[in-house]
$ cat target_39.csv   # CSV, C-alpha atoms
chain,number,residue,atom,x,y,z
C,29,MET,CA,3.6,27.5,-16.2
C,30,LYS,CA,2.0,28.4,-13.0
C,31,PRO,CA,1.1,32.0,-12.3
C,32,PRO,CA,3.1,33.5,-9.5
C,33,LYS,CA,1.4,33.4,-6.1
C,34,THR,CA,1.5,36.9,-4.8
C,35,VAL,CA,2.8,37.1,-1.3
C,36,ARG,CA,1.4,39.9,0.8
C,37,THR,CA,4.1,42.3,1.8
C,38,HIS,CA,4.2,44.6,4.7
C,39,GLU,CA,5.7,48.1,4.7
C,40,ALA,CA,8.9,48.1,6.6
C,41,SER,CA,8.0,51.3,8.4
C,42,GLY,CA,4.6,49.9,9.5
C,43,GLY,CA,3.9,48.4,12.9
C,44,VAL,CA,3.9,44.9,11.5
C,45,SER,CA,4.5,42.3,14.2
C,46,ARG,CA,7.6,40.2,14.1
C,47,ARG,CA,5.6,37.1,13.9
C,48,ALA,CA,3.7,38.3,10.8
C,49,MET,CA,7.0,39.2,9.2
C,50,ILE,CA,8.5,35.8,9.7
C,51,GLU,CA,5.4,34.1,8.4
C,52,SER,CA,5.4,36.3,5.4
C,53,GLN,CA,9.0,35.3,4.8
C,54,ILE,CA,8.1,31.6,5.2
C,55,GLU,CA,5.2,32.1,2.7
C,56,ARG,CA,7.5,33.8,0.2
C,57,ILE,CA,10.1,31.0,0.4
C,58,LEU,CA,7.6,28.2,0.1
C,59,ALA,CA,5.8,29.9,-2.8
C,60,THR,CA,8.9,30.5,-4.8
C,61,GLU,CA,10.3,27.1,-5.3
C,62,GLU,CA,11.9,26.3,-8.6
C,63,GLU,CA,10.1,23.8,-10.7
C,64,LEU,CA,11.6,20.4,-11.6
C,65,ILE,CA,11.5,19.3,-15.2
C,66,PRO,CA,10.7,15.6,-15.6
C,67,THR,CA,13.4,13.6,-17.2
C,68,SER,CA,13.1,12.9,-20.9
C,69,GLY,CA,12.3,9.2,-20.4
C,70,PHE,CA,9.4,9.9,-18.0
C,71,LEU,CA,6.7,10.2,-20.6
C,72,ILE,CA,7.9,7.1,-22.5
C,73,SER,CA,8.1,5.0,-19.3
C,74,VAL,CA,4.6,6.1,-18.3
C,75,MET,CA,3.2,5.3,-21.8
C,76,GLU,CA,5.0,1.9,-21.8
C,77,ARG,CA,3.2,1.0,-18.5
C,78,VAL,CA,-0.1,2.2,-19.9
C,79,GLN,CA,0.4,0.1,-23.0
C,80,GLU,CA,1.2,-2.9,-20.8
C,81,GLU,CA,-1.9,-2.3,-18.7
C,82,SER,CA,-4.1,-1.9,-21.8
C,83,ALA,CA,-2.7,-5.2,-23.2
C,84,VAL,CA,-3.8,-7.2,-20.2
C,85,PRO,CA,-7.4,-8.4,-20.7
C,86,HIS,CA,-10.0,-7.1,-18.2
C,87,PRO,CA,-10.9,-9.6,-15.6
C,88,ILE,CA,-14.3,-11.3,-16.2
C,89,PRO,CA,-16.8,-9.9,-13.8
C,90,PHE,CA,-18.5,-12.5,-11.7
C,91,PRO,CA,-22.1,-13.1,-13.0
C,92,TRP,CA,-23.9,-12.2,-9.8
C,93,LYS,CA,-27.3,-12.0,-11.5
C,94,ARG,CA,-27.1,-15.6,-12.8
C,95,ALA,CA,-25.4,-16.9,-9.7
C,96,LEU,CA,-27.9,-15.5,-7.2
C,97,PRO,CA,-30.7,-18.0,-7.8
C,98,SER,CA,-28.3,-20.9,-7.4
C,99,ALA,CA,-26.9,-19.3,-4.3
C,100,PHE,CA,-30.4,-19.0,-2.9
C,101,LEU,CA,-31.3,-22.6,-3.8
C,102,PHE,CA,-28.1,-23.8,-2.2
C,103,GLY,CA,-28.8,-21.8,0.9
C,104,GLY,CA,-32.3,-23.1,1.1
C,105,VAL,CA,-31.3,-26.7,0.7
C,106,SER,CA,-28.5,-26.3,3.2
C,107,GLY,CA,-30.8,-24.7,5.7
C,108,TRP,CA,-33.4,-27.3,5.2
C,109,GLY,CA,-30.8,-30.0,5.6
C,110,ALA,CA,-29.5,-28.4,8.8
C,111,VAL,CA,-33.0,-28.3,10.3
C,112,GLU,CA,-33.5,-31.9,9.4
C,113,LEU,CA,-30.2,-32.9,10.9
C,114,MET,CA,-31.0,-31.0,14.1
C,115,GLN,CA,-34.4,-32.6,14.4
C,116,SER,CA,-33.0,-36.1,13.9
C,117,GLY,CA,-30.2,-35.3,16.4
C,118,LEU,CA,-32.8,-34.3,18.9
C,119,LEU,CA,-34.8,-37.4,18.2
C,120,LYS,CA,-31.7,-39.5,18.9
C,121,LEU,CA,-31.1,-37.6,22.2
C,122,ASP,CA,-34.7,-38.4,23.2
C,123,LEU,CA,-34.2,-42.0,22.3
C,124,ALA,CA,-31.1,-42.2,24.3
C,125,ALA,CA,-33.0,-41.0,27.3
C,126,LEU,CA,-35.3,-44.1,27.0
C,127,ASN,CA,-34.3,-47.4,28.5
C,128,ALA,CA,-32.7,-50.2,26.6
C,129,PHE,CA,-35.8,-52.2,26.5
C,130,THR,CA,-37.7,-49.6,24.6
C,131,LEU,CA,-34.8,-49.3,22.1
C,132,ALA,CA,-34.8,-53.0,21.6
C,133,VAL,CA,-38.5,-52.8,20.8
C,134,LEU,CA,-38.2,-49.9,18.5
C,135,HIS,CA,-35.2,-51.1,16.5
C,136,PRO,CA,-36.8,-53.8,14.4
C,137,SER,CA,-39.7,-51.7,13.4
C,138,ALA,CA,-37.6,-48.6,12.7
C,139,ALA,CA,-35.3,-50.3,10.3
C,140,PRO,CA,-37.5,-50.1,7.2
C,141,VAL,CA,-38.4,-46.4,8.0
C,142,SER,CA,-34.7,-45.6,8.3
C,143,SER,CA,-33.8,-47.1,5.0
C,144,ALA,CA,-36.7,-45.2,3.3
C,145,GLU,CA,-35.4,-41.9,4.8
C,146,SER,CA,-31.9,-42.7,3.6
C,147,ALA,CA,-33.1,-43.3,0.1
C,148,GLY,CA,-34.9,-40.0,0.2
C,149,TRP,CA,-31.7,-38.2,1.3
C,150,VAL,CA,-29.7,-39.9,-1.4
C,151,ALA,CA,-32.3,-38.9,-4.0
C,152,LEU,CA,-32.2,-35.3,-2.8
C,153,ALA,CA,-28.4,-35.2,-2.9
C,154,LEU,CA,-28.3,-36.6,-6.4
C,155,SER,CA,-30.9,-34.1,-7.6
C,156,ALA,CA,-29.0,-31.2,-6.0
C,157,SER,CA,-25.8,-32.5,-7.7
C,158,VAL,CA,-27.4,-32.8,-11.1
C,159,LEU,CA,-29.0,-29.4,-10.7
C,160,SER,CA,-25.8,-27.7,-9.8
C,161,LEU,CA,-24.0,-29.4,-12.7
C,162,LEU,CA,-26.6,-28.2,-15.2
C,163,LEU,CA,-26.5,-24.7,-13.7
C,164,SER,CA,-22.7,-24.5,-13.9
C,165,ARG,CA,-22.7,-25.8,-17.4
C,166,ARG,CA,-25.2,-23.2,-18.4
C,167,LEU,CA,-23.2,-20.4,-16.7
C,168,ALA,CA,-19.9,-21.6,-18.3
C,169,GLY,CA,-21.6,-21.9,-21.7
C,170,SER,CA,-23.0,-18.4,-21.7
C,171,GLY,CA,-19.6,-17.1,-20.6
C,172,GLY,CA,-18.0,-18.7,-23.7
C,173,LEU,CA,-15.9,-21.1,-21.7
C,174,LEU,CA,-17.6,-24.2,-23.2
Q,4,MET,CA,-0.7,27.2,-20.2
Q,5,ASN,CA,-4.2,28.5,-20.9
Q,6,ALA,CA,-6.5,26.8,-18.4
Q,7,SER,CA,-9.5,26.6,-20.7
Q,8,ILE,CA,-7.5,25.2,-23.6
Q,9,SER,CA,-6.0,22.7,-21.3
Q,10,ALA,CA,-9.4,21.7,-19.9
Q,11,GLU,CA,-10.8,21.2,-23.5
Q,12,ALA,CA,-7.7,19.2,-24.4
Q,13,ASP,CA,-8.1,17.1,-21.3
Q,14,LEU,CA,-11.7,16.5,-22.0
Q,15,ALA,CA,-11.0,15.5,-25.6
Q,16,ASP,CA,-8.2,13.2,-24.6
Q,17,VAL,CA,-10.3,11.5,-21.9
Q,18,ASP,CA,-13.1,10.9,-24.3
Q,19,SER,CA,-10.6,9.4,-26.8
Q,20,VAL,CA,-9.1,7.1,-24.2
Q,21,LEU,CA,-12.5,6.0,-23.0
Q,22,ALA,CA,-13.4,5.2,-26.7
Q,23,GLY,CA,-10.3,2.9,-26.8
Q,24,ASP,CA,-7.5,5.2,-28.1
Q,25,VAL,CA,-4.7,4.4,-25.7
Q,26,ARG,CA,-2.3,6.8,-27.3
Q,27,ALA,CA,-4.6,9.7,-26.4
Q,28,PHE,CA,-3.4,9.3,-22.8
Q,29,GLU,CA,0.0,10.6,-24.0
Q,30,GLY,CA,-1.5,14.1,-24.3
Q,31,ILE,CA,-2.7,14.0,-20.7
Q,32,VAL,CA,0.7,12.8,-19.5
Q,33,ARG,CA,2.5,15.4,-21.6
Q,34,ARG,CA,0.4,18.2,-20.1
Q,35,TRP,CA,0.4,17.1,-16.5
Q,36,GLN,CA,3.8,15.4,-16.0
Q,37,GLY,CA,5.4,18.6,-14.8
Q,38,PRO,CA,2.8,19.4,-12.2
Q,39,LEU,CA,2.6,15.8,-10.9
Q,40,VAL,CA,6.3,15.3,-10.7
Q,41,ASN,CA,6.7,18.7,-8.9
Q,42,MET,CA,3.9,17.8,-6.5
Q,43,ALA,CA,5.5,14.5,-5.7
Q,44,TRP,CA,8.8,16.2,-5.2
Q,45,ARG,CA,7.3,18.5,-2.6
Q,46,TYR,CA,6.0,15.4,-0.8
Q,47,CYS,CA,9.3,13.5,-0.7
Q,48,ARG,CA,12.1,15.8,-2.0
Q,49,ASP,CA,13.7,12.9,-3.8
Q,50,ARG,CA,13.8,13.3,-7.5
Q,51,GLY,CA,13.9,9.6,-8.5
Q,52,ARG,CA,11.2,8.8,-6.1
Q,53,ALA,CA,9.1,11.7,-7.2
Q,54,GLU,CA,9.1,10.4,-10.7
Q,55,GLU,CA,8.1,6.9,-9.5
Q,56,MET,CA,5.3,8.3,-7.5
Q,57,ALA,CA,4.1,10.5,-10.4
Q,58,GLN,CA,4.2,7.5,-12.7
Q,59,GLU,CA,2.1,5.5,-10.2
Q,60,ALA,CA,-0.4,8.4,-10.1
Q,61,PHE,CA,-0.7,8.4,-13.9
Q,62,ILE,CA,-1.3,4.7,-13.9
Q,63,ARG,CA,-4.0,5.0,-11.3
Q,64,ALA,CA,-5.5,7.8,-13.4
Q,65,TRP,CA,-5.4,5.6,-16.4
Q,66,ARG,CA,-7.2,2.8,-14.5
Q,67,GLY,CA,-9.8,5.1,-13.0
Q,68,LEU,CA,-10.4,7.5,-15.9
Q,69,SER,CA,-14.0,6.2,-16.3
Q,70,HIS,CA,-14.7,7.1,-12.7
Q,71,TRP,CA,-14.0,10.8,-13.3
Q,72,ARG,CA,-17.6,12.1,-12.9
Q,73,ARG,CA,-16.8,15.5,-14.5
Q,74,GLU,CA,-18.4,17.4,-11.7
Q,75,SER,CA,-15.0,19.0,-11.0
Q,76,SER,CA,-12.3,19.9,-13.4
Q,77,PHE,CA,-9.9,17.1,-14.7
Q,78,SER,CA,-7.0,18.8,-12.9
Q,79,THR,CA,-8.8,18.8,-9.6
Q,80,TRP,CA,-9.6,15.1,-10.0
Q,81,LEU,CA,-6.1,14.3,-11.0
Q,82,PHE,CA,-4.5,16.3,-8.2
Q,83,ALA,CA,-6.8,14.7,-5.6
Q,84,LEU,CA,-6.0,11.2,-7.0
Q,85,ALA,CA,-2.2,12.0,-7.0
Q,86,ALA,CA,-2.4,13.3,-3.4
Q,87,ASN,CA,-4.0,10.0,-2.4
Q,88,VAL,CA,-1.3,8.0,-4.2
Q,89,TYR,CA,1.5,10.1,-2.7
Q,90,ARG,CA,0.0,10.0,0.8
Q,91,SER,CA,-0.3,6.2,0.8
Q,92,GLU,CA,3.2,5.8,-0.8
Q,93,LEU,CA,4.7,7.9,2.0
Q,94,LYS,CA,2.8,5.9,4.6
Q,95,ARG,CA,4.2,2.7,3.2
Q,96,PHE,CA,7.8,4.0,2.8
Q,97,PRO,CA,8.2,7.2,4.8
Q,98,THR,CA,10.8,9.7,3.8
Q,99,GLU,CA,13.9,9.9,5.9
Q,100,THR,CA,13.6,13.3,7.6
Q,101,LEU,CA,15.2,15.0,10.6
Q,102,PRO,CA,13.0,15.9,13.5
Q,103,LEU,CA,11.8,19.5,13.1
Q,104,ASP,CA,14.1,20.6,16.0
Q,105,ALA,CA,17.1,19.1,14.2
Q,106,ALA,CA,16.5,20.9,10.9
Q,107,PRO,CA,19.5,23.1,10.5
Q,108,GLU,CA,19.1,26.9,10.6
Q,109,PRO,CA,21.7,28.7,8.6
Q,110,GLY,CA,23.6,31.5,10.3
Q,111,GLY,CA,23.7,35.1,9.2
Q,112,ALA,CA,24.8,35.6,5.6
Q,113,ALA,CA,28.0,37.3,4.7
Q,114,THR,CA,27.6,39.9,2.0
Q,115,GLN,CA,29.6,38.1,-0.6
Q,116,GLN,CA,27.8,34.8,0.2
Q,117,ARG,CA,24.3,36.2,0.4
Q,118,THR,CA,22.9,34.4,-2.6
Q,119,LEU,CA,24.3,31.1,-1.6
Q,120,GLU,CA,23.2,31.5,2.0
Q,121,THR,CA,19.7,32.5,1.0
Q,122,GLN,CA,19.4,29.5,-1.2
Q,123,ARG,CA,20.6,27.3,1.6
Q,124,GLN,CA,18.2,28.9,4.0
Q,125,ASN,CA,15.3,28.5,1.6
Q,126,GLU,CA,16.2,24.9,1.0
Q,127,ALA,CA,16.5,24.2,4.8
Q,128,LEU,CA,13.0,25.7,5.3
Q,129,ARG,CA,11.5,23.6,2.4
Q,130,ARG,CA,13.1,20.5,3.8
Q,131,ALA,CA,11.8,21.4,7.3
Q,132,VAL,CA,8.3,21.2,5.8
Q,133,LEU,CA,8.9,17.4,5.4
Q,134,ALA,CA,9.5,17.2,9.2
Q,135,LEU,CA,6.1,18.6,10.0
Q,136,PRO,CA,3.4,16.0,11.0
Q,137,LEU,CA,1.5,14.8,8.0
Q,138,ARG,CA,-1.7,16.6,8.9
Q,139,TYR,CA,0.2,20.0,8.7
Q,140,ARG,CA,2.7,19.0,6.0
Q,141,GLU,CA,0.1,18.2,3.3
Q,142,PRO,CA,-1.8,21.5,3.5
Q,143,VAL,CA,1.5,23.3,3.1
Q,144,VAL,CA,2.6,21.2,0.2
Q,145,LEU,CA,-0.7,21.6,-1.6
Q,146,TYR,CA,-1.4,25.2,-0.8
Q,147,TYR,CA,1.9,26.5,-2.1
Q,148,PHE,CA,1.9,24.2,-5.1
Q,149,GLN,CA,0.7,25.0,-8.6
Q,150,GLU,CA,-2.2,27.4,-8.8
Q,151,MET,CA,-4.0,26.0,-5.8
Q,152,ASP,CA,-5.8,28.4,-3.6
Q,153,LEU,CA,-7.2,27.6,-0.2
Q,154,ALA,CA,-10.5,26.2,-1.7
Q,155,ALA,CA,-8.7,24.0,-4.2
Q,156,ALA,CA,-6.2,22.7,-1.7
Q,157,ALA,CA,-9.0,21.9,0.8
Q,158,HIS,CA,-11.0,20.2,-2.0
Q,159,THR,CA,-8.0,18.1,-2.9
Q,160,MET,CA,-7.6,17.0,0.7
Q,161,GLY,CA,-11.3,16.5,1.2
Q,162,LEU,CA,-11.3,19.0,4.1
Q,163,PRO,CA,-13.5,22.0,4.9
Q,164,GLU,CA,-11.8,25.3,4.1
Q,165,GLY,CA,-11.8,26.3,7.8
Q,166,THR,CA,-9.9,23.2,8.8
Q,167,MET,CA,-7.4,23.7,6.0
Q,168,LYS,CA,-6.9,27.3,7.1
Q,169,ALA,CA,-6.3,26.3,10.7
Q,170,ARG,CA,-3.8,23.6,9.7
Q,171,LEU,CA,-1.9,26.0,7.5
Q,172,SER,CA,-1.8,28.5,10.3
Q,173,ARG,CA,-0.5,25.9,12.7
Q,174,ALA,CA,2.1,24.7,10.1
Q,175,ARG,CA,3.4,28.2,9.7
Q,176,ALA,CA,3.5,28.7,13.4
Q,177,LEU,CA,5.6,25.5,13.8
Q,178,LEU,CA,8.0,26.7,11.1
Q,179,ARG,CA,8.2,30.1,12.6
Q,180,GLN,CA,9.2,28.6,15.9
Q,181,ARG,CA,11.9,26.6,14.2
Q,182,PHE,CA,13.2,29.5,12.1
Q,183,PRO,CA,12.9,32.5,14.4
Q,184,HIS,CA,15.6,34.5,12.6
Q,185,LEU,CA,13.9,34.7,9.2
Q,186,GLU,CA,12.8,38.2,10.2
Q,187,GLY,CA,16.2,39.6,9.4
Q,188,GLU,CA,16.1,38.1,5.9
Q,189,PHE,CA,12.7,39.4,5.4
Q,190,ALA,CA,13.8,42.9,6.4
Q,191,GLN,CA,16.6,42.7,3.8
Q,192,VAL,CA,14.1,41.7,1.1
Q,193,GLU,CA,11.8,44.5,2.1
Q,194,CYS,CA,14.6,47.1,2.0
Q,195,PHE,CA,15.5,45.8,-1.5
Q,196,ALA,CA,11.9,46.0,-2.6
Q,197,LEU,CA,11.6,49.5,-1.3
Q,198,LYS,CA,14.8,50.7,-3.0
Q,199,THR,CA,13.8,49.2,-6.3
Q,200,GLY,CA,10.1,50.0,-6.0
Q,201,LYS,CA,9.1,46.4,-6.7
Q,202,GLU,CA,6.5,44.3,-4.9
Q,203,VAL,CA,7.9,41.1,-3.6
Q,204,THR,CA,6.3,38.3,-5.5
Q,205,ASN,CA,7.5,34.9,-6.5
$ encode --input "target_39.csv" --output "structure tokens"
Amino acid sequence: MKPPKTVRTHEASGGVSRRAMIESQIERILATEEELIPTSGFLISVMERVQEESAVPHPIPFPWKRALPSAFLFGGVSGWGAVELMQSGLLKLDLAALNAFTLAVLHPSAAPVSSAESAGWVALALSASVLSLLLSRRLAGSGGLL
Amino acid sequence: MNASISAEADLADVDSVLAGDVRAFEGIVRRWQGPLVNMAWRYCRDRGRAEEMAQEAFIRAWRGLSHWRRESSFSTWLFALAANVYRSELKRFPTETLPLDAAPEPGGAATQQRTLETQRQNEALRRAVLALPLRYREPVVLYYFQEMDLAAAAHTMGLPEGTMKARLSRARALLRQRFPHLEGEFAQVECFALKTGKEVTN
């Protein structure tokens, strides 16, 4: 049980201000509240909830250490891809600025180059897919999911 | 309850819980259910809700037991956690309170009804605390609760002692303005104390 909080009292005959007297009275009332006794089922209901909480398995923490290299790789590849796309976009803009005659001349010779570039992109995309598949299998395997 | 015994028991129970013994938490609940329910009661003055809020505080304590850094006592940590829970609960679902000006002030007590009138007056004042703005209400609730002194109440709220003192003073001033006739009651209590030779304590 709590120890009683002593409220300072003032002598009635003293020159204590009215304000101080009222505040002392307020203090006395606030400090003397009766205590509630929790209902008999309170402890049981708390422990039931605690048991429920403890029965729920803890969430699996995200494996940041293992995922970070993949994230960096993905970021790097995406960044590189974005730069490549921008450059090719700029090239297209430059080409559009040229006249139709120049385009007609360029087109036949550019066709083999274009298909070679596409093949490179396809190979890169396939490698990235295989790499991400292998990484995800490894992560899942070490987490006991496979 | 002996504070040092309680502190040792708390420490032992916390260690047991962290080692995987769920039932050891029962000792903590058993020791602190009274204070936490009473603290919640002072926040909302609704018995049913007080128990719900206290239960939520115990669950949060259970979840966060490993975060207790043991720099302060377990009770200080528990009360600070409970105060946070109660504060956020009351923000989500505020208690229905009258404005401070509308809090009823009981009239002068007749001799034969003095006890009843005093009880009514005291309850009116305690309910008026709920009508205070939260920044003033919480210091009053915590300071006059349990064994908290100014430093403990300030620590629980995460405030400097000076700020806590200023807020308490402002809260008392607001209550004094609302209950200007408490002086008469005070004088009666003083007379009784002088006649019986007792100091007025709670």
$ closest_residue --input "target_39.csv" --among "Q:Pro142, Q:Val20, Q:Tyr46, Q:His70" --to "Pro163 (chain Q)" --atoms "all atoms listed in the file"
Q:Pro142
$ atom_distance --input "target_39.csv" --atom1 "CA of Ala154 (chain Q)" --atom2 "CA of Ala57 (chain Q)"
23.1 Å
$ closest_residue --input "target_39.csv" --among "C:Leu113, C:Leu64, C:Leu152, C:Ala48" --to "chain Q" --atoms "all atoms listed in the file"
C:Leu64
$ closest_residue --input "target_39.csv" --among "C:Phe90, C:Leu71, C:Glu63, C:Ser160" --to "Ile31 (chain Q)" --atoms "all atoms listed in the file"
C:Leu71
$ atom_distance --input "target_39.csv" --atom1 "CA of Ser98 (chain C)" --atom2 "CA of Met114 (chain C)"
23.9 Å
$ atom_distance --input "target_39.csv" --atom1 "CA of Ala176 (chain Q)" --atom2 "CA of Arg47 (chain C)"
8.7 Å
$ closest_residue --input "target_39.csv" --among "Q:Arg129, Q:Arg181, Q:Arg72, Q:Arg173" --to "chain C" --atoms "all atoms listed in the file"
Q:Arg129
$ closest_residue --input "target_39.csv" --among "Q:Ser19, Q:Gln124, Q:Ser91, Q:Asn41" --to "chain C" --atoms "only C-alpha atoms"
Q:Asn41
$ residues_around --input "target_39.csv" --residues "Arg45 (chain Q)" --least-positions-apart "4" --cutoff "12 Å" --atoms "all atoms listed in the file" --output "PyMOL selection string"
(chain C and resi 58-59+61-64) or (chain Q and resi 38-41+49-50+52-54+56-57+86+89-90+93+98+126+129-133+140-149)
$ write_last_selection --input "target_39.csv" --atoms "C-alpha atoms" --output "CSV table (one decimal), in the frame of the given file"
chain,number,residue,atom,x,y,z
C,58,LEU,CA,7.6,28.2,0.1
C,59,ALA,CA,5.8,29.9,-2.8
C,61,GLU,CA,10.3,27.1,-5.3
C,62,GLU,CA,11.9,26.3,-8.6
C,63,GLU,CA,10.1,23.8,-10.7
C,64,LEU,CA,11.6,20.4,-11.6
Q,38,PRO,CA,2.8,19.4,-12.2
Q,39,LEU,CA,2.6,15.8,-10.9
Q,40,VAL,CA,6.3,15.3,-10.7
Q,41,ASN,CA,6.7,18.7,-8.9
Q,49,ASP,CA,13.7,12.9,-3.8
Q,50,ARG,CA,13.8,13.3,-7.5
Q,52,ARG,CA,11.2,8.8,-6.1
Q,53,ALA,CA,9.1,11.7,-7.2
Q,54,GLU,CA,9.1,10.4,-10.7
Q,56,MET,CA,5.3,8.3,-7.5
Q,57,ALA,CA,4.1,10.5,-10.4
Q,86,ALA,CA,-2.4,13.3,-3.4
Q,89,TYR,CA,1.5,10.1,-2.7
Q,90,ARG,CA,0.0,10.0,0.8
Q,93,LEU,CA,4.7,7.9,2.0
Q,98,THR,CA,10.8,9.7,3.8
Q,126,GLU,CA,16.2,24.9,1.0
Q,129,ARG,CA,11.5,23.6,2.4
Q,130,ARG,CA,13.1,20.5,3.8
Q,131,ALA,CA,11.8,21.4,7.3
Q,132,VAL,CA,8.3,21.2,5.8
Q,133,LEU,CA,8.9,17.4,5.4
Q,140,ARG,CA,2.7,19.0,6.0
Q,141,GLU,CA,0.1,18.2,3.3
Q,142,PRO,CA,-1.8,21.5,3.5
Q,143,VAL,CA,1.5,23.3,3.1
Q,144,VAL,CA,2.6,21.2,0.2
Q,145,LEU,CA,-0.7,21.6,-1.6
Q,146,TYR,CA,-1.4,25.2,-0.8
Q,147,TYR,CA,1.9,26.5,-2.1
Q,148,PHE,CA,1.9,24.2,-5.1
Q,149,GLN,CA,0.7,25.0,-8.6
$ closest_residue --input "target_39.csv" --among "C:Ser82, C:Ser52, C:Ser164, C:Ser157" --to "Val105 (chain C)" --atoms "only C-alpha atoms"
C:Ser157
$ residues_around --input "target_39.csv" --residues "Ala155 (chain Q)" --least-positions-apart "5" --cutoff "10 Å" --atoms "all atoms listed in the file" --output "NGL selection string"
:Q and (79 or 82-83 or 145-146 or 150 or 160-161 or 164)
$ residues_around --input "target_39.csv" --residues "Pro91 (chain C)" --least-positions-apart "3" --cutoff "9 Å" --atoms "all atoms listed in the file" --output "list in words"
Ile88, Arg94, Ala95, Leu96, Leu167 and Gly171 of chain C
